[in-house]
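Here is the file start.cif (mmCIF, C-alpha atoms).
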```cif
data_input
#
loop_
_atom_site.label_atom_id
_atom_site.label_comp_id
_atom_site.auth_asym_id
_atom_site.auth_seq_id
_atom_site.Cartn_x
_atom_site.Cartn_y
_atom_site.Cartn_z
CA MET A 1 164.69 -9.55 82.27
CA ASP A 2 161.09 -10.58 82.35
CA ASP A 3 160.74 -10.52 86.09
CA VAL A 4 161.79 -6.93 86.49
CA ALA A 5 160.11 -5.51 83.39
CA THR A 6 157.02 -3.54 84.32
CA LEU A 7 153.72 -2.92 82.63
CA SER A 8 153.34 0.73 81.68
CA PRO A 9 149.70 1.49 82.33
CA THR A 10 147.80 3.66 79.88
CA HIS A 11 144.53 5.37 80.80
CA ARG A 12 142.40 2.33 80.09
CA SER A 13 144.82 -0.29 81.38
CA THR A 14 145.20 1.45 84.74
CA VAL A 15 143.49 -0.61 87.39
CA ARG A 16 141.21 1.69 89.37
CA ARG A 17 138.93 -0.68 91.25
CA GLY A 18 140.84 -2.68 93.82
CA ALA A 19 144.11 -1.03 92.87
CA LYS A 20 145.90 -2.91 95.64
CA ARG A 21 145.24 -6.04 93.58
CA ALA A 22 146.97 -4.66 90.51
CA ARG A 23 150.34 -6.14 89.53
CA THR A 24 152.80 -4.33 87.38
CA ASP A 25 155.30 -7.07 86.58
CA ARG A 26 155.42 -8.40 83.05
CA ALA A 27 156.21 -11.78 84.63
CA ASP A 28 152.78 -11.74 86.33
CA LEU A 29 151.11 -10.94 83.01
CA HIS A 30 152.96 -13.76 81.27
CA ALA A 31 152.22 -16.23 84.06
CA VAL A 32 148.48 -15.54 84.01
CA LEU A 33 148.34 -15.81 80.23
CA ASP A 34 150.50 -18.93 80.08
CA ALA A 35 148.34 -20.75 82.62
CA GLY A 36 145.16 -20.47 80.53
CA LEU A 37 143.59 -22.51 77.78
CA VAL A 38 140.91 -20.13 76.58
CA GLY A 39 140.41 -16.38 76.88
CA HIS A 40 137.48 -14.10 76.14
CA LEU A 41 137.79 -11.87 73.07
CA ALA A 42 135.56 -8.81 72.90
CA VAL A 43 134.97 -6.78 69.76
CA VAL A 44 132.42 -4.15 68.75
CA LEU A 45 129.91 -5.25 66.11
CA ASP A 46 127.32 -2.73 64.90
CA GLY A 47 128.04 -0.59 67.94
CA ALA A 48 127.47 -3.39 70.46
CA PRO A 49 130.05 -5.50 72.28
CA VAL A 50 130.33 -9.21 71.53
CA VAL A 51 132.48 -11.44 73.72
CA LEU A 52 133.28 -15.06 72.90
CA PRO A 53 135.70 -17.67 74.24
CA THR A 54 138.78 -17.95 72.05
CA GLY A 55 141.94 -20.02 71.98
CA TYR A 56 145.27 -18.24 72.12
CA GLY A 57 148.97 -18.61 72.57
CA ARG A 58 151.80 -16.30 73.59
CA HIS A 59 155.15 -15.79 71.90
CA GLY A 60 157.22 -13.18 73.72
CA GLU A 61 155.18 -10.00 73.82
CA THR A 62 152.74 -11.14 71.14
CA LEU A 63 149.49 -12.95 71.72
CA TYR A 64 148.21 -15.05 68.83
CA LEU A 65 144.50 -15.69 68.38
CA HIS A 66 142.87 -17.68 65.65
CA GLY A 67 139.53 -18.60 64.27
CA SER A 68 137.58 -19.37 61.16
CA THR A 69 137.53 -16.84 58.33
CA GLY A 70 133.74 -17.09 58.69
CA ALA A 71 133.57 -15.89 62.29
CA ALA A 72 132.15 -12.37 62.56
CA THR A 73 134.09 -11.51 65.72
CA LEU A 74 137.38 -12.62 64.15
CA ARG A 75 136.58 -10.65 61.00
CA ALA A 76 135.83 -7.54 63.07
CA ALA A 77 139.13 -7.92 64.90
CA ALA A 78 140.97 -8.61 61.63
CA ALA A 79 139.47 -5.47 60.10
CA GLY A 80 141.40 -3.40 62.62
CA GLY A 81 138.69 -2.58 65.14
CA PRO A 82 139.68 -2.28 68.80
CA VAL A 83 139.67 -5.50 70.80
CA CYS A 84 139.93 -6.56 74.40
CA PHE A 85 141.16 -9.99 75.39
CA THR A 86 140.78 -11.27 78.94
CA VAL A 87 142.06 -14.43 80.61
CA THR A 88 140.64 -15.28 84.03
CA HIS A 89 141.49 -18.04 86.48
CA LEU A 90 139.17 -18.65 89.42
CA ASP A 91 141.20 -19.75 92.41
CA GLY A 92 138.67 -19.75 95.23
CA VAL A 93 135.35 -18.72 96.69
CA VAL A 94 135.84 -16.24 99.53
CA TYR A 95 133.27 -16.73 102.29
CA ALA A 96 132.88 -13.67 104.48
CA ARG A 97 130.83 -12.78 107.56
CA SER A 98 128.71 -10.42 105.49
CA ALA A 99 127.13 -10.93 102.08
CA PHE A 100 128.85 -7.73 100.94
CA HIS A 101 132.38 -9.04 101.50
CA HIS A 102 131.89 -12.35 99.72
CA SER A 103 134.37 -12.45 96.88
CA VAL A 104 136.51 -14.67 94.69
CA ASN A 105 140.21 -15.28 94.57
CA TYR A 106 141.35 -14.99 90.99
CA ARG A 107 144.07 -14.09 88.54
CA CYS A 108 143.02 -11.97 85.58
CA ALA A 109 144.91 -10.49 82.64
CA VAL A 110 143.29 -7.91 80.36
CA VAL A 111 144.86 -6.89 77.05
CA HIS A 112 143.66 -3.89 75.04
CA GLY A 113 144.68 -3.11 71.51
CA THR A 114 144.19 -3.58 67.83
CA ALA A 115 144.91 -6.93 66.28
CA ARG A 116 147.09 -7.38 63.24
CA THR A 117 146.14 -10.06 60.71
CA VAL A 118 149.14 -12.31 60.24
CA GLU A 119 149.84 -12.63 56.50
CA ASP A 120 153.43 -13.86 56.48
CA PRO A 121 153.31 -17.67 56.02
CA GLN A 122 156.14 -18.29 58.47
CA GLU A 123 154.61 -16.14 61.19
CA LYS A 124 151.21 -17.71 60.54
CA LEU A 125 152.70 -21.15 61.18
CA LEU A 126 154.45 -19.81 64.28
CA GLY A 127 151.15 -18.42 65.54
CA LEU A 128 149.39 -21.73 64.97
CA GLU A 129 152.23 -23.56 66.66
CA VAL A 130 152.02 -21.49 69.85
CA LEU A 131 148.21 -21.74 69.77
CA THR A 132 148.37 -25.53 69.45
CA GLU A 133 151.05 -25.84 72.11
CA GLN A 134 149.11 -23.66 74.54
CA LEU A 135 146.10 -25.96 74.24
CA ALA A 136 147.90 -29.27 73.86
CA PRO A 137 151.63 -29.21 74.57
CA GLY A 138 153.51 -31.57 72.30
CA SER A 139 150.75 -31.79 69.72
CA TRP A 140 152.40 -29.54 67.12
CA THR A 141 155.19 -32.01 66.44
CA ALA A 142 153.08 -35.13 67.06
CA THR A 143 150.27 -34.39 64.63
CA ARG A 144 149.81 -33.39 61.00
CA ARG A 145 150.60 -29.71 60.36
CA PRO A 146 148.01 -27.48 58.64
CA ASP A 147 147.93 -27.79 54.87
CA ARG A 148 147.34 -25.00 52.35
CA ARG A 149 143.54 -25.34 52.48
CA GLU A 150 143.41 -25.34 56.27
CA LEU A 151 145.71 -22.33 56.44
CA ALA A 152 143.46 -20.46 54.03
CA ALA A 153 140.42 -21.21 56.18
CA THR A 154 142.10 -19.87 59.32
CA VAL A 155 142.60 -16.27 60.41
CA VAL A 156 145.57 -15.78 62.71
CA LEU A 157 145.66 -12.49 64.59
CA ALA A 158 148.57 -10.98 66.49
CA LEU A 159 147.86 -8.79 69.50
CA ASP A 160 150.69 -6.87 71.08
CA LEU A 161 150.93 -7.08 74.87
CA ALA A 162 151.89 -3.40 75.14
CA GLU A 163 148.65 -2.31 76.81
CA ALA A 164 147.71 -4.80 79.48
CA SER A 165 146.83 -5.08 83.14
CA VAL A 166 146.86 -7.87 85.68
CA LYS A 167 144.76 -8.23 88.81
CA ILE A 168 145.24 -10.95 91.37
CA ARG A 169 143.26 -11.53 94.54
CA THR A 170 144.52 -13.99 97.12
CA GLY A 171 143.95 -14.58 100.79
CA PRO A 172 141.14 -14.50 103.31
CA PRO A 173 138.02 -12.33 103.36
CA GLY A 174 138.31 -8.64 104.20
CA ASP A 175 135.55 -8.47 106.75
CA ASP A 176 134.52 -5.31 108.56
CA GLU A 177 135.76 -4.92 112.12
CA ARG A 178 132.16 -4.83 113.35
CA ASP A 179 131.49 -8.31 111.97
CA LEU A 180 134.37 -9.96 113.83
CA PRO A 181 133.70 -11.71 117.14
CA ALA A 182 134.94 -10.15 120.35
CA ALA A 183 138.25 -11.60 121.55
CA GLY A 184 137.66 -14.97 123.18
CA SER A 185 134.10 -15.24 121.86
CA PRO A 186 133.00 -17.90 119.40
CA ASP A 187 132.31 -16.79 115.83
CA PRO A 188 128.81 -17.63 114.67
CA VAL A 189 129.75 -17.30 111.00
CA TRP A 190 132.42 -19.41 109.30
CA ALA A 191 134.70 -17.36 107.09
CA GLY A 192 137.53 -18.41 104.85
CA VAL A 193 138.38 -19.59 101.38
CA LEU A 194 137.19 -22.62 99.46
CA PRO A 195 140.00 -23.19 96.94
CA LEU A 196 139.08 -24.06 93.36
CA ARG A 197 141.25 -25.67 90.75
CA THR A 198 140.91 -27.25 87.35
CA VAL A 199 142.02 -30.85 87.10
CA VAL A 200 142.32 -33.33 84.26
CA GLY A 201 140.31 -36.53 84.27
CA THR A 202 140.92 -39.90 82.69
CA PRO A 203 141.75 -39.56 78.97
CA GLU A 204 138.94 -40.77 76.68
CA PRO A 205 140.37 -42.36 73.53
CA ASP A 206 138.69 -41.56 70.22
CA PRO A 207 136.34 -44.48 69.38
CA LEU A 208 138.13 -44.65 66.00
CA LEU A 209 141.46 -45.36 67.71
CA PRO A 210 142.57 -49.03 67.38
CA ALA A 211 142.43 -50.86 70.72
CA GLY A 212 145.75 -50.88 72.49
CA THR A 213 147.00 -47.60 71.05
CA PRO A 214 149.31 -46.36 73.81
CA LEU A 215 148.63 -43.08 75.56
CA PRO A 216 151.46 -40.68 74.70
CA ALA A 217 153.39 -38.87 77.42
CA ARG A 218 152.10 -35.52 76.15
CA VAL A 219 148.59 -36.58 77.23
CA ALA A 220 149.36 -38.90 80.15
CA GLY A 221 151.62 -36.35 81.81
CA ARG A 222 149.40 -33.34 81.24
CA ARG A 223 149.01 -31.03 84.20
CA LEU A 224 147.38 -27.64 84.36
CA ARG A 225 149.09 -24.69 85.96
CA MET B 1 107.87 -25.84 80.67
CA ASP B 2 111.50 -24.91 80.77
CA ASP B 3 112.69 -27.95 78.94
CA VAL B 4 110.56 -27.37 75.89
CA ALA B 5 110.79 -23.59 75.75
CA THR B 6 113.03 -22.48 72.94
CA LEU B 7 115.39 -19.59 72.42
CA SER B 8 114.25 -17.32 69.61
CA PRO B 9 117.42 -16.27 67.85
CA THR B 10 117.78 -12.72 66.66
CA HIS B 11 120.31 -11.69 64.02
CA ARG B 12 123.16 -11.36 66.50
CA SER B 13 122.23 -14.30 68.71
CA THR B 14 122.02 -16.70 65.76
CA VAL B 15 124.93 -19.10 65.94
CA ARG B 16 126.63 -19.17 62.55
CA ARG B 17 129.98 -20.79 63.22
CA GLY B 18 129.56 -24.43 64.21
CA ALA B 19 125.79 -24.21 63.95
CA LYS B 20 125.51 -27.92 64.73
CA ARG B 21 126.73 -27.04 68.22
CA ALA B 22 123.96 -24.53 68.84
CA ARG B 23 121.24 -25.42 71.33
CA THR B 24 117.86 -23.82 71.31
CA ASP B 25 116.38 -25.01 74.61
CA ARG B 26 115.94 -22.48 77.38
CA ALA B 27 116.79 -25.33 79.76
CA ASP B 28 120.27 -25.54 78.18
CA LEU B 29 120.74 -21.79 78.61
CA HIS B 30 119.69 -21.96 82.25
CA ALA B 31 121.87 -24.99 82.95
CA VAL B 32 125.00 -23.35 81.52
CA LEU B 33 124.36 -20.14 83.44
CA ASP B 34 123.48 -21.90 86.69
CA ALA B 35 126.68 -23.96 86.61
CA GLY B 36 128.97 -20.92 86.57
CA LEU B 37 130.51 -18.71 89.23
CA VAL B 38 131.79 -15.85 87.12
CA GLY B 39 130.97 -14.60 83.62
CA HIS B 40 132.63 -12.09 81.33
CA LEU B 41 130.85 -8.76 80.88
CA ALA B 42 131.72 -6.71 77.80
CA VAL B 43 130.81 -3.06 77.32
CA VAL B 44 131.94 -0.34 74.93
CA LEU B 45 134.00 2.45 76.51
CA ASP B 46 135.17 5.32 74.28
CA GLY B 47 134.44 3.19 71.22
CA ALA B 48 136.54 0.23 72.37
CA PRO B 49 135.37 -3.01 73.97
CA VAL B 50 136.28 -3.80 77.56
CA VAL B 51 135.65 -7.26 78.98
CA LEU B 52 136.03 -8.13 82.66
CA PRO B 53 135.08 -11.09 84.86
CA THR B 54 131.90 -10.41 86.79
CA GLY B 55 129.77 -12.23 89.33
CA TYR B 56 126.15 -12.91 88.48
CA GLY B 57 123.04 -14.78 89.46
CA ARG B 58 119.88 -15.84 87.64
CA HIS B 59 116.28 -15.40 88.73
CA GLY B 60 113.88 -16.79 86.14
CA GLU B 61 114.60 -15.01 82.88
CA THR B 62 116.60 -12.21 84.52
CA LEU B 63 120.33 -12.18 85.07
CA TYR B 64 121.58 -9.99 87.89
CA LEU B 65 125.07 -8.50 87.80
CA HIS B 66 126.65 -6.28 90.37
CA GLY B 67 129.69 -4.22 91.03
CA SER B 68 131.02 -1.12 92.66
CA THR B 69 129.51 2.24 91.75
CA GLY B 70 133.11 3.20 90.94
CA ALA B 71 133.67 0.59 88.23
CA ALA B 72 133.73 2.13 84.75
CA THR B 73 132.39 -0.98 83.03
CA LEU B 74 129.46 -1.20 85.44
CA ARG B 75 128.74 2.49 84.98
CA ALA B 76 128.79 2.10 81.18
CA ALA B 77 126.35 -0.79 81.45
CA ALA B 78 124.18 1.10 83.94
CA ALA B 79 124.06 4.08 81.59
CA GLY B 80 122.15 1.96 79.09
CA GLY B 81 124.87 1.07 76.66
CA PRO B 82 124.71 -2.33 74.95
CA VAL B 83 126.34 -5.20 76.83
CA CYS B 84 127.30 -8.78 76.16
CA PHE B 85 127.64 -11.30 78.97
CA THR B 86 129.26 -14.68 78.38
CA VAL B 87 129.62 -17.70 80.63
CA THR B 88 132.00 -20.44 79.49
CA HIS B 89 132.78 -23.85 80.96
CA LEU B 90 135.77 -25.76 79.62
CA ASP B 91 135.02 -29.48 79.68
CA GLY B 92 137.95 -31.00 77.83
CA VAL B 93 140.91 -30.68 75.52
CA VAL B 94 140.23 -32.42 72.20
CA TYR B 95 143.36 -34.05 70.79
CA ALA B 96 143.13 -34.72 67.07
CA ARG B 97 145.37 -36.32 64.45
CA SER B 98 145.96 -32.92 62.86
CA ALA B 99 146.79 -29.59 64.49
CA PHE B 100 143.81 -28.09 62.64
CA HIS B 101 141.23 -30.32 64.32
CA HIS B 102 142.44 -29.78 67.86
CA SER B 103 139.59 -28.26 69.81
CA VAL B 104 137.96 -27.93 73.21
CA ASN B 105 134.79 -29.38 74.62
CA TYR B 106 132.85 -26.61 76.26
CA ARG B 107 129.51 -25.12 77.21
CA CYS B 108 129.02 -21.45 76.48
CA ALA B 109 126.10 -19.07 76.97
CA VAL B 110 126.11 -15.60 75.40
CA VAL B 111 123.57 -12.96 76.37
CA HIS B 112 123.11 -9.71 74.44
CA GLY B 113 121.10 -6.75 75.57
CA THR B 114 120.86 -3.57 77.55
CA ALA B 115 121.09 -3.70 81.29
CA ARG B 116 118.58 -2.03 83.56
CA THR B 117 119.81 -0.46 86.81
CA VAL B 118 117.80 -1.93 89.64
CA GLU B 119 116.44 0.91 91.77
CA ASP B 120 113.64 -0.80 93.65
CA PRO B 121 115.01 -1.72 97.11
CA GLN B 122 113.21 -5.06 97.20
CA GLU B 123 114.45 -6.08 93.76
CA LYS B 124 117.95 -4.89 94.62
CA LEU B 125 117.99 -7.19 97.65
CA LEU B 126 116.62 -10.02 95.49
CA GLY B 127 119.40 -9.43 92.96
CA LEU B 128 122.06 -9.47 95.67
CA GLU B 129 120.53 -12.61 97.15
CA VAL B 130 120.69 -14.54 93.87
CA LEU B 131 124.22 -13.19 93.24
CA THR B 132 125.36 -14.33 96.70
CA GLU B 133 123.66 -17.70 96.38
CA GLN B 134 125.19 -18.31 92.94
CA LEU B 135 128.66 -17.78 94.39
CA ALA B 136 128.14 -19.31 97.83
CA PRO B 137 124.89 -21.24 98.29
CA GLY B 138 123.53 -20.80 101.79
CA SER B 139 125.52 -17.66 102.51
CA TRP B 140 122.63 -15.21 102.14
CA THR B 141 120.84 -16.51 105.21
CA ALA B 142 124.02 -17.40 107.12
CA THR B 143 125.74 -14.02 106.94
CA ARG B 144 124.97 -10.37 107.59
CA ARG B 145 122.79 -8.79 104.91
CA PRO B 146 123.92 -5.58 103.18
CA ASP B 147 123.24 -2.40 105.12
CA ARG B 148 122.23 0.97 103.71
CA ARG B 149 125.81 2.11 103.08
CA GLU B 150 126.78 -1.13 101.35
CA LEU B 151 123.65 -1.02 99.21
CA ALA B 152 124.47 2.55 98.17
CA ALA B 153 127.98 1.50 97.15
CA THR B 154 126.70 -1.33 94.96
CA VAL B 155 125.20 -1.16 91.48
CA VAL B 156 122.85 -4.03 90.69
CA LEU B 157 122.01 -4.50 87.03
CA ALA B 158 119.28 -6.64 85.54
CA LEU B 159 119.80 -8.21 82.12
CA ASP B 160 116.91 -9.90 80.38
CA LEU B 161 117.64 -13.33 78.93
CA ALA B 162 115.53 -12.59 75.84
CA GLU B 163 118.44 -12.47 73.42
CA ALA B 164 120.80 -15.32 74.13
CA SER B 165 122.53 -18.26 72.52
CA VAL B 166 124.09 -21.46 73.77
CA LYS B 167 126.83 -23.53 72.18
CA ILE B 168 127.96 -26.88 73.49
CA ARG B 169 130.69 -29.11 72.09
CA THR B 170 131.01 -32.65 73.34
CA GLY B 171 132.59 -35.82 72.05
CA PRO B 172 135.69 -36.96 70.22
CA PRO B 173 137.73 -35.10 67.59
CA GLY B 174 136.33 -34.61 64.11
CA ASP B 175 139.35 -35.79 62.18
CA ASP B 176 139.58 -35.86 58.39
CA GLU B 177 139.14 -39.24 56.74
CA ARG B 178 142.63 -38.92 55.29
CA ASP B 179 144.19 -38.74 58.76
CA LEU B 180 142.59 -41.97 60.00
CA PRO B 181 144.59 -45.21 59.85
CA ALA B 182 143.64 -47.89 57.31
CA ALA B 183 141.43 -50.61 58.78
CA GLY B 184 143.55 -53.02 60.81
CA SER B 185 146.56 -50.70 60.84
CA PRO B 186 147.96 -49.11 63.97
CA ASP B 187 147.35 -45.40 64.49
CA PRO B 188 150.55 -43.44 64.94
CA VAL B 189 148.74 -40.50 66.54
CA TRP B 190 146.71 -40.75 69.74
CA ALA B 191 143.40 -38.94 69.50
CA GLY B 192 140.69 -38.39 72.06
CA VAL B 193 139.56 -36.13 74.83
CA LEU B 194 141.29 -35.12 78.06
CA PRO B 195 138.39 -34.16 80.33
CA LEU B 196 138.71 -31.07 82.50
CA ARG B 197 136.73 -30.17 85.56
CA THR B 198 136.82 -27.68 88.38
CA VAL B 199 137.05 -29.15 91.84
CA VAL B 200 137.03 -27.70 95.34
CA GLY B 201 140.00 -28.13 97.63
CA THR B 202 140.29 -28.19 101.39
CA PRO B 203 138.59 -25.16 102.97
CA GLU B 204 141.04 -22.61 104.41
CA PRO B 205 139.60 -20.98 107.55
CA ASP B 206 140.09 -17.23 107.96
CA PRO B 207 143.06 -16.70 110.32
CA LEU B 208 140.74 -14.50 112.40
CA LEU B 209 138.37 -17.42 113.01
CA PRO B 210 138.61 -18.85 116.56
CA ALA B 211 140.16 -22.32 116.60
CA GLY B 212 137.56 -25.05 116.60
CA THR B 213 134.91 -23.09 114.68
CA PRO B 214 133.01 -25.86 112.90
CA LEU B 215 132.86 -25.96 109.10
CA PRO B 216 129.24 -25.38 108.08
CA ALA B 217 127.45 -27.78 105.72
CA ARG B 218 127.12 -25.00 103.11
CA VAL B 219 130.92 -25.05 102.74
CA ALA B 220 131.74 -28.68 103.60
CA GLY B 221 129.16 -30.03 101.17
CA ARG B 222 129.95 -27.65 98.32
CA ARG B 223 130.13 -29.24 94.90
CA LEU B 224 130.44 -27.56 91.54
CA ARG B 225 128.17 -28.50 88.68
#
```

Starting from the file, lay out its structure as structure tokens.
Amino acid sequence: MDDVATLSPTHRSTVRRGAKRARTDRADLHAVLDAGLVGHLAVVLDGAPVVLPTGYGRHGETLYLHGSTGAATLRAAAAGGPVCFTVTHLDGVVYARSAFHHSVNYRCAVVHGTARTVEDPQEKLLGLEVLTEQLAPGSWTATRRPDRRELAATVVLALDLAEASVKIRTGPPGDDERDLPAAGSPDPVWAGVLPLRTVVGTPEPDPLLPAGTPLPARVAGRRLR
Amino acid sequence: MDDVATLSPTHRSTVRRGAKRARTDRADLHAVLDAGLVGHLAVVLDGAPVVLPTGYGRHGETLYLHGSTGAATLRAAAAGGPVCFTVTHLDGVVYARSAFHHSVNYRCAVVHGTARTVEDPQEKLLGLEVLTEQLAPGSWTATRRPDRRELAATVVLALDLAEASVKIRTGPPGDDERDLPAAGSPDPVWAGVLPLRTVVGTPEPDPLLPAGTPLPARVAGRRLR
């Protein structure tokens, strides 16, 4: 069962900083990944790191990434170099009584590994389906599927979720005892959390869309997790 | 003047994919950086990339990053290894008439370089001030400043904005001609943009805060760019 399966930390996926924020449930990993639209893919190019925002989708314990065959970062990942893929949600600004204890509430998943270029046509379509559905649920069946030329122009990578970590911070600031007011005294410094969330606005129809084209449920009902 | 200064692309900061989306104004770079709360810092550890969310602040053409002296990524950056720091804002989901042309509207700044560990006490305080103010405007003057022990536990890194690129996508989907309806015909597939934005919720006072502590203007009036 997903909710009892645990992440098995390796050396580099062991959370050292803020270890109390580390989660070891696979369900936490899946939830953080499933709630995102874009992650950050890091590769090494000529000895230096490069990190770019990248779309993705999850199918079981496989993460699918895609991009143009012309993208250098995708090519580096496709060539079998090590990659790191991180998805972060910012949930709040944590105001503390000291500058030092200011923080953010967040959920963050980090996946380490080596990507596999998906060559099998069926798996490539599956990868593109989960990628499309992650970004725009319902769009895979509602829109034209990729044709041969589009498939050839797209690299789909599969990244196993074997080596991954999750960190989640929630709750109020962790102020020092010395910064708290004495019992019964007023507190000169407000402390607490300003929650943040991502919301959808009013859909903007393509100017090329004929007037009166109805808004489909897959767009009208869209909510973010 | 900021708004006419241009970015001078190097080999690795030249935008190749989607070059029409590249911006070359320093003002665009500053605007994308200034609108963010957290970026993604990538370093190379044991030959593999590691990318983690990181707070930052900008002062002129210098980006300040900070973290615990115990964080391996910060230590790798402080040791003079190459880094990449990326700030991404998601502005919308782009629904197209084909799966292939689905996209996102976004603003993204990518900075390449080598970080310098800030040793000068005055500059270290400046770095922490701009970091605090980026996350929580007004908090630097309203809260207790870092003491000697806190300063010793914190690494502040300076990253020059010399080598950076900005990409911005706005507007409707770029559908193929073949997927558009004939003039006067209905369109079976809705296309357009679902805007996304980050909003602040109701502030949550620290449970340790005495009842009736007023909400300061720096929190009550907080808006995100």

(Q) On this structure, the PyMOL selection byres ((chain B) within 6 of (chain A)) would catch which residues? List them as a PyMOL selection string, sorted by chain and number. (A) chain B and resi 42-43+48-50+82-84+97-100+143-146+172+191-201+203-206

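The two atoms in question, CA of Ala76 (chain A) and CA of Val155 (chain A), are spaced 11.4 Å apart.
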
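Taking CA of His30 (chain A) and CA of Ala162 (chain A) as the two end points, the separation is 12.1 Å.
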
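We find CA of Gly36 (chain B) and CA of Arg225 (chain B) to be spaced 7.9 Å apart.
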
If I wrap all listed atoms of region 47-56 of chain A in a box with edges along x, y and z and add 6 Å on each side, what are its centre and edge lengths in Å to one decimal, as lines of an AutoDock Vina configuration file?
```
center_x = 136.4
center_y = -10.3
center_z = 71.1
size_x = 29.8
size_y = 31.4
size_z = 18.3
```

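With distances restricted to only C-alpha atoms, A:Lys167 is the closest residue to Leu33 (chain A) from A:Arg21, A:Arg149, A:Arg178, A:Lys167.
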
(Q) Could you list, as a ChimeraX atom specification, every residue matched by the PyMOL selection byres ((chain A and resi 60) around 10) in this structure? (A) /A:2,30,57-59,61-63,160-161

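Checking B:Ala31, B:Ala217, B:Arg26, B:Ala79 one by one against Arg107 (chain B), counting only C-alpha atoms, you find the shortest gap at B:Ala31.
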